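Worksheet: the structure to be examined is printed underneath.
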Amino acid sequence: MKLRLGVMGADDSLEIIQSVLPDFPEIECLPIVYWKEEEIVDLLLPYVDEVDMWLFSGKVPYALAKATGRVQVPMAYVPHIGASLYRTLLHLSHEIGIQVKEVSFDTFSADELAHFLQEVGIADGYSWLRHYEGAISATELADYHESLWREKKTKAAVTCLRTADLELKRRGVPSYRVLPTRAGVLSVLHMLLRTNEMLHFKDSQIAVQMMEIDPFRELAGGTFSTDEWQNAEIKTMEKLLRYTKYLQGSLKTAGPGRYVIFTTRGRLQEVTHEYKTIPDLEGMFGIRADLVTCGIGIGKTAYEAEIHGGTALLHAKERGTGNWMVFFDDKSVVGPLGRDEQIAYRYSSQQLQEVSRQTSLSVATLSKLDSILKKRGTPMINAHELAQHMQILPRSARRILMELESKGIAEVVAEESPNPRGRPRKVYRITL
């Protein structure tokens with residue numbers, strides 16, 4: 001199957017990119033040309049779900065596409081630094097007789113432009129640069145270049161934006177456009193192909209979903225015969241078989257009320273919307289979500305995925321019935337799915353392993369704490385807040401903080417009174 005690549009750019013850049021694409025028979029191209037930056041988003045959105053990847057001719061269309069938040073596939077743009085800029089400067093110097101100090105630039109960062117000039121042996125560097133993050137209007141760039149030229153501070157403008165180049169020429173300002181080179185386009189296309197191969201490998205990785213379901217809570221009156229018990233389990237299996245077919249996987253039982261589904265990473269990622277939500281089990285399969293506790297494991301082998309699934313299930317059970325957690329092959333844990341307050345933490349940090357050796361706390365607990373602090377954006381926390389984030393009892397949270405304090409990893413920096421009659425809460429500053 002061919003890689004469907006959306007290519008968006010100004011007319012001159014798009015022409016260069018398309019001249020390279022015949023060398024890649026594995027790529028099917030959807031070309032989109034724009035003439036004004038204002039129309040980029042409107043041109044992009046009708047095709048946002050039609051391609052596997054996007055390639056943009058420059059930083060501005062890339063930034064505008066990214067800002068929509070609608071593009072969920074890999075994106076890249078052809079950089080203007082390197083051979084593209086060197087070709088433009090060579091033309092200015094040898095054909096026009098204009099030196100770098102006499103030119104105004106845009107788009108590049110100060111560091112990358114200075115580094116590039118140093119690499120090509122231009123010791124004097126540059127004098128004028130208009131760097132920007134994200135998108136910028138052609139008028140704003142044209143105003144910048146024109147004012148310098150009219151004040152006779154520069155002899156020409158070097159711009160990466162097609163619309164700015166056209167506007168400068170319309171105003172009579174000598175303007176030179178930095179265009180992509182074939183080598184630059186080739187490099188980005190090879191990178192996109194490698195990315196596509198990696199994503200296909202990840203999508204085909206084994207994923208295991210371990211579920212604990214308590215169907216007997218639905219039985220009337222709380223008392224039931226063995227026949228009713230068996231019927232409840234048979235009905236649960238029937239529902240799970242439909243769900244397993246939806247996942248394109250296979251189902252096996254692992255004891256009373258415990259089930260294991262083998263599927264692929266790509267399918268589970270799709271069903272859970274990038275591991276953010278829980279599928280509508282009740283609406284689609286008649287399974288009450290509040291009765292299901294789930295751990296999803298991703299691994300390079302079925303055995304590794306199953307081990308990770310079991311670990312994820314333990315993390316989910318710590319948080320109570322109805323929670324879903326995911327354990328990835330890089331030892332990171334994410335969840336609970338479907339909650340506004342999700343946290344992600346890792347097992348593999350050497351720093352946290354060292355702290356674990358100093359204390360009685362596990363790396364998992366320390367990883368959760370580290371993730372919570374990063375998400376809050378502050379090293380300060382009290383036991384009540386920690387208990388809420390970890391979904392544990394306040395006394396357990398206090399025990400964690402006191403253990404860290406005893407080893408000098410946490411210190412009390414303040415006290416808070418949540419209400420006039422309540423006991424003050426100690427606020428700890430934690431240094432992991």
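Ligands are numbered from 1 in the order shown, chains are lettered A, B, ... in the order of the structure tokens, and residues start at 1 in each chain.
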
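Excluding region 266-277 of chain A itself and any same-chain residue fewer than 4 positions from it, the protein and nucleic acid residues within 9 Å of it, counting only C-alpha atoms, are Leu199, His200, Lys202, Asp203, Ser204, Gln205, Ala207, Gln209, Leu247, Gln248, Ile296, Met325, Val326, Val334, Gly335, Pro336, Leu337, Gly338, Arg339 and Gln342 of chain A.
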
Could you save those same residues with N, CA, C and O atoms as a PDB file, in the first residue's frame?
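See out_25.pdb below for the written result:
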```pdb
ATOM      1  N   LEU A 199       6.001   3.726  12.485  1.00  0.00           N
ATOM      2  CA  LEU A 199       4.612   3.750  12.959  1.00  0.00           C
ATOM      3  C   LEU A 199       3.894   2.450  12.628  1.00  0.00           C
ATOM      4  O   LEU A 199       3.105   1.944  13.434  1.00  0.00           O
ATOM      5  N   HIS A 200       4.178   1.900  11.449  1.00  0.00           N
ATOM      6  CA  HIS A 200       3.555   0.625  11.086  1.00  0.00           C
ATOM      7  C   HIS A 200       4.039  -0.487  12.016  1.00  0.00           C
ATOM      8  O   HIS A 200       3.269  -1.360  12.414  1.00  0.00           O
ATOM      9  N   LYS A 202       5.004  -0.033  15.135  1.00  0.00           N
ATOM     10  CA  LYS A 202       4.367   0.188  16.437  1.00  0.00           C
ATOM     11  C   LYS A 202       2.906  -0.256  16.415  1.00  0.00           C
ATOM     12  O   LYS A 202       2.409  -0.857  17.363  1.00  0.00           O
ATOM     13  N   ASP A 203       2.207   0.066  15.309  1.00  0.00           N
ATOM     14  CA  ASP A 203       0.795  -0.307  15.217  1.00  0.00           C
ATOM     15  C   ASP A 203       0.603  -1.815  15.262  1.00  0.00           C
ATOM     16  O   ASP A 203      -0.419  -2.309  15.749  1.00  0.00           O
ATOM     17  N   SER A 204       1.590  -2.563  14.749  1.00  0.00           N
ATOM     18  CA  SER A 204       1.455  -4.017  14.700  1.00  0.00           C
ATOM     19  C   SER A 204       1.973  -4.698  15.967  1.00  0.00           C
ATOM     20  O   SER A 204       1.926  -5.917  16.070  1.00  0.00           O
ATOM     21  N   GLN A 205       2.472  -3.907  16.922  1.00  0.00           N
ATOM     22  CA  GLN A 205       2.921  -4.488  18.183  1.00  0.00           C
ATOM     23  C   GLN A 205       1.761  -5.179  18.900  1.00  0.00           C
ATOM     24  O   GLN A 205       0.600  -4.781  18.781  1.00  0.00           O
ATOM     25  N   ALA A 207      -0.720  -6.026  21.764  1.00  0.00           N
ATOM     26  CA  ALA A 207      -1.334  -5.346  22.908  1.00  0.00           C
ATOM     27  C   ALA A 207      -2.240  -6.339  23.620  1.00  0.00           C
ATOM     28  O   ALA A 207      -2.943  -7.131  22.982  1.00  0.00           O
ATOM     29  N   GLN A 209      -5.161  -6.712  26.658  1.00  0.00           N
ATOM     30  CA  GLN A 209      -6.108  -6.022  27.521  1.00  0.00           C
ATOM     31  C   GLN A 209      -6.607  -7.011  28.572  1.00  0.00           C
ATOM     32  O   GLN A 209      -7.271  -7.987  28.245  1.00  0.00           O
ATOM     33  N   LEU A 247     -12.341  -5.354  18.402  1.00  0.00           N
ATOM     34  CA  LEU A 247     -10.904  -5.086  18.514  1.00  0.00           C
ATOM     35  C   LEU A 247     -10.068  -5.892  17.523  1.00  0.00           C
ATOM     36  O   LEU A 247      -8.849  -5.701  17.465  1.00  0.00           O
ATOM     37  N   GLN A 248     -10.739  -6.780  16.771  1.00  0.00           N
ATOM     38  CA  GLN A 248     -10.042  -7.663  15.827  1.00  0.00           C
ATOM     39  C   GLN A 248      -9.000  -8.509  16.569  1.00  0.00           C
ATOM     40  O   GLN A 248      -7.866  -8.699  16.107  1.00  0.00           O
ATOM     41  N   ILE A 296      -4.104  -2.323  30.237  1.00  0.00           N
ATOM     42  CA  ILE A 296      -3.656  -2.536  28.857  1.00  0.00           C
ATOM     43  C   ILE A 296      -2.133  -2.597  28.855  1.00  0.00           C
ATOM     44  O   ILE A 296      -1.468  -1.700  29.390  1.00  0.00           O
ATOM     45  N   MET A 325      -5.862   1.554  33.071  1.00  0.00           N
ATOM     46  CA  MET A 325      -4.492   2.053  33.006  1.00  0.00           C
ATOM     47  C   MET A 325      -3.768   1.360  31.851  1.00  0.00           C
ATOM     48  O   MET A 325      -4.130   0.249  31.454  1.00  0.00           O
ATOM     49  N   VAL A 326      -2.712   2.025  31.336  1.00  0.00           N
ATOM     50  CA  VAL A 326      -1.932   1.483  30.222  1.00  0.00           C
ATOM     51  C   VAL A 326      -0.459   1.435  30.620  1.00  0.00           C
ATOM     52  O   VAL A 326       0.067   2.409  31.174  1.00  0.00           O
ATOM     53  N   VAL A 334       0.244   5.234  31.909  1.00  0.00           N
ATOM     54  CA  VAL A 334      -0.672   6.354  31.663  1.00  0.00           C
ATOM     55  C   VAL A 334      -2.059   5.970  32.141  1.00  0.00           C
ATOM     56  O   VAL A 334      -2.493   4.835  31.988  1.00  0.00           O
ATOM     57  N   GLY A 335      -2.760   6.954  32.706  1.00  0.00           N
ATOM     58  CA  GLY A 335      -4.143   6.729  33.105  1.00  0.00           C
ATOM     59  C   GLY A 335      -4.551   7.600  34.258  1.00  0.00           C
ATOM     60  O   GLY A 335      -3.787   8.457  34.689  1.00  0.00           O
ATOM     61  N   PRO A 336      -5.734   7.391  34.802  1.00  0.00           N
ATOM     62  CA  PRO A 336      -6.791   6.510  34.283  1.00  0.00           C
ATOM     63  C   PRO A 336      -7.414   7.088  33.001  1.00  0.00           C
ATOM     64  O   PRO A 336      -7.575   8.301  32.891  1.00  0.00           O
ATOM     65  N   LEU A 337      -7.746   6.215  32.054  1.00  0.00           N
ATOM     66  CA  LEU A 337      -8.364   6.655  30.812  1.00  0.00           C
ATOM     67  C   LEU A 337      -9.769   7.199  31.096  1.00  0.00           C
ATOM     68  O   LEU A 337     -10.457   6.742  32.002  1.00  0.00           O
ATOM     69  N   GLY A 338     -10.153   8.180  30.307  1.00  0.00           N
ATOM     70  CA  GLY A 338     -11.488   8.752  30.451  1.00  0.00           C
ATOM     71  C   GLY A 338     -11.627   9.749  31.572  1.00  0.00           C
ATOM     72  O   GLY A 338     -12.729  10.242  31.817  1.00  0.00           O
ATOM     73  N   ARG A 339     -10.542  10.065  32.249  1.00  0.00           N
ATOM     74  CA  ARG A 339     -10.596  11.037  33.347  1.00  0.00           C
ATOM     75  C   ARG A 339      -9.946  12.340  32.918  1.00  0.00           C
ATOM     76  O   ARG A 339      -8.997  12.350  32.137  1.00  0.00           O
ATOM     77  N   GLN A 342      -5.473  12.902  34.123  1.00  0.00           N
ATOM     78  CA  GLN A 342      -4.621  11.747  33.822  1.00  0.00           C
ATOM     79  C   GLN A 342      -3.185  12.070  34.207  1.00  0.00           C
ATOM     80  O   GLN A 342      -2.756  13.218  34.132  1.00  0.00           O
TER      81      GLN A 342
END
```

What's the 8 Å shell around Thr321 (chain A), counting only C-alpha atoms, without same-chain residues fewer than 4 positions away, as a list of chain:residue names?
A:Asp290, A:Leu291, A:Val292, A:Thr293, A:Ala316, A:Lys317

When distances are computed from only C-alpha atoms, which of A:Ile287, A:Ile32, A:Leu369, A:Leu90 shows the smallest separation from Lys235 (chain A)?
A:Ile287

Fewer than 2 positions away in the same chain doesn't count, so skip those; otherwise give me all residues within 8 Å of Phe262 (chain A), counting only C-alpha atoms, as a list of chain:residue names.
A:Ile206, A:Ala207, A:Val208, A:Gln209, A:Gly249, A:Ser250, A:Leu251, A:Val260, A:Thr264

Restricting it to C-alpha atoms, dump the selection as a PDB file, in the first residue's frame.
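Generated file (result-v4.pdb):
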```pdb
ATOM      1  CA  ILE A 206       1.090  -6.904  20.441  1.00  0.00           C
ATOM      2  CA  ALA A 207      -1.334  -5.346  22.908  1.00  0.00           C
ATOM      3  CA  VAL A 208      -3.007  -7.216  25.741  1.00  0.00           C
ATOM      4  CA  GLN A 209      -6.108  -6.022  27.521  1.00  0.00           C
ATOM      5  CA  GLY A 249      -8.481  -9.760  18.594  1.00  0.00           C
ATOM      6  CA  SER A 250      -8.835 -13.045  20.453  1.00  0.00           C
ATOM      7  CA  LEU A 251     -10.283 -13.716  23.910  1.00  0.00           C
ATOM      8  CA  VAL A 260      -7.576 -11.427  28.509  1.00  0.00           C
ATOM      9  CA  THR A 264      -2.669  -4.894  18.267  1.00  0.00           C
TER      10      THR A 264
END
```

Find the residue from A:Leu361, A:Leu5, A:Ala156, A:Ile27 that sits nearest to Lys407 (chain A); use only C-alpha atoms when measuring.
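Of A:Leu361, A:Leu5, A:Ala156, A:Ile27, the one nearest Lys407 (chain A) is A:Leu361, counting only C-alpha atoms.
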
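Checking A:Asn196, A:Ser104, A:Gln18, A:Thr378 one by one against Val158 (chain A), counting only C-alpha atoms, you find the shortest gap at A:Ser104.
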
12 Å contact set for Arg130 (chain A), only C-alpha atoms, chain neighbours under 2 positions out, as an MDAnalysis selection string:
chainID A and resid 103:110 113 126:128 132:133 136 140:145 148 157:160

Looking at only C-alpha atoms, which of A:Ser175, A:Ser371, A:Thr311, A:Thr154 is the one that sits closest to Val100 (chain A)?
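Checking each of A:Ser175, A:Ser371, A:Thr311, A:Thr154 against Val100 (chain A), counting only C-alpha atoms, the winner is A:Thr154.
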
Return the single residue from A:His384, A:Arg376, A:Met191, A:Gly322 that is closest to Arg423 (chain A), with distances computed using only C-alpha atoms.
A:His384

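Of the residues under consideration (A:Glu38, A:Asp214, A:Glu112, A:Asp330), A:Glu112 shows the shortest atom-to-atom contact distance to Pro79 (chain A) when counting only C-alpha atoms.
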
May I ask for the distance between CA of Thr139 (chain A) and CA of Trp54 (chain A), given in Å to one decimal place?
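Pair CA of Thr139 (chain A) / CA of Trp54 (chain A) returns 26.5 Å.
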
Go through region 360-421 of chain A and collect every residue that DSSP, computed from the backbone, puts in strand (DSSP E); the answer should be as JSON, numbers by chain.
{"A": [380, 381, 382, 410, 411, 412, 413, 414, 415, 416]}

Let's see if you can do this: from backbone DSSP, list all alpha helix (DSSP H) residues in region 190-282 of chain A, as number ranges by chain.
A: 190-203, 226-246, 265-271, 281-282

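Every protein, DNA or RNA residue with an atom at most 9 Å from Asp52 (chain A), where only C-alpha atoms count and chain neighbours fewer than 4 positions away do not, is listed here: Leu3, Arg4, Leu5, Gly6, Val73, Pro74 and Asn196 of chain A.
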
Extract, using only C-alpha atoms, all DNA, RNA and protein residues at most 9 Å from Gln99 (chain A), discarding same-chain residues fewer than 3 positions from it, and format them as a PyMOL selection string.
chain A and resi 89+92-93+102-103+155

Surrounding residues of Val20 (chain A) excluding itself and chain neighbours under 5 positions, 10 Å, only C-alpha atoms, as a ChimeraX atom specification
/A:15,181-183,185-186,189

Output for the residues just chosen: C-alpha atoms as a compact mmCIF listing (two decimals), in the first residue's frame:
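Writing done, so here's part31.txt:
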```
# COMPACT_ATOMS: atom_id res chain seq x y z
CA GLU A 15 6.92 22.64 -8.06
CA THR A 181 16.62 22.37 -2.78
CA ARG A 182 16.10 18.92 -4.21
CA ALA A 183 18.58 17.60 -1.64
CA VAL A 185 13.33 17.68 -0.12
CA LEU A 186 14.95 14.26 -0.55
CA LEU A 189 11.00 12.52 2.28
```
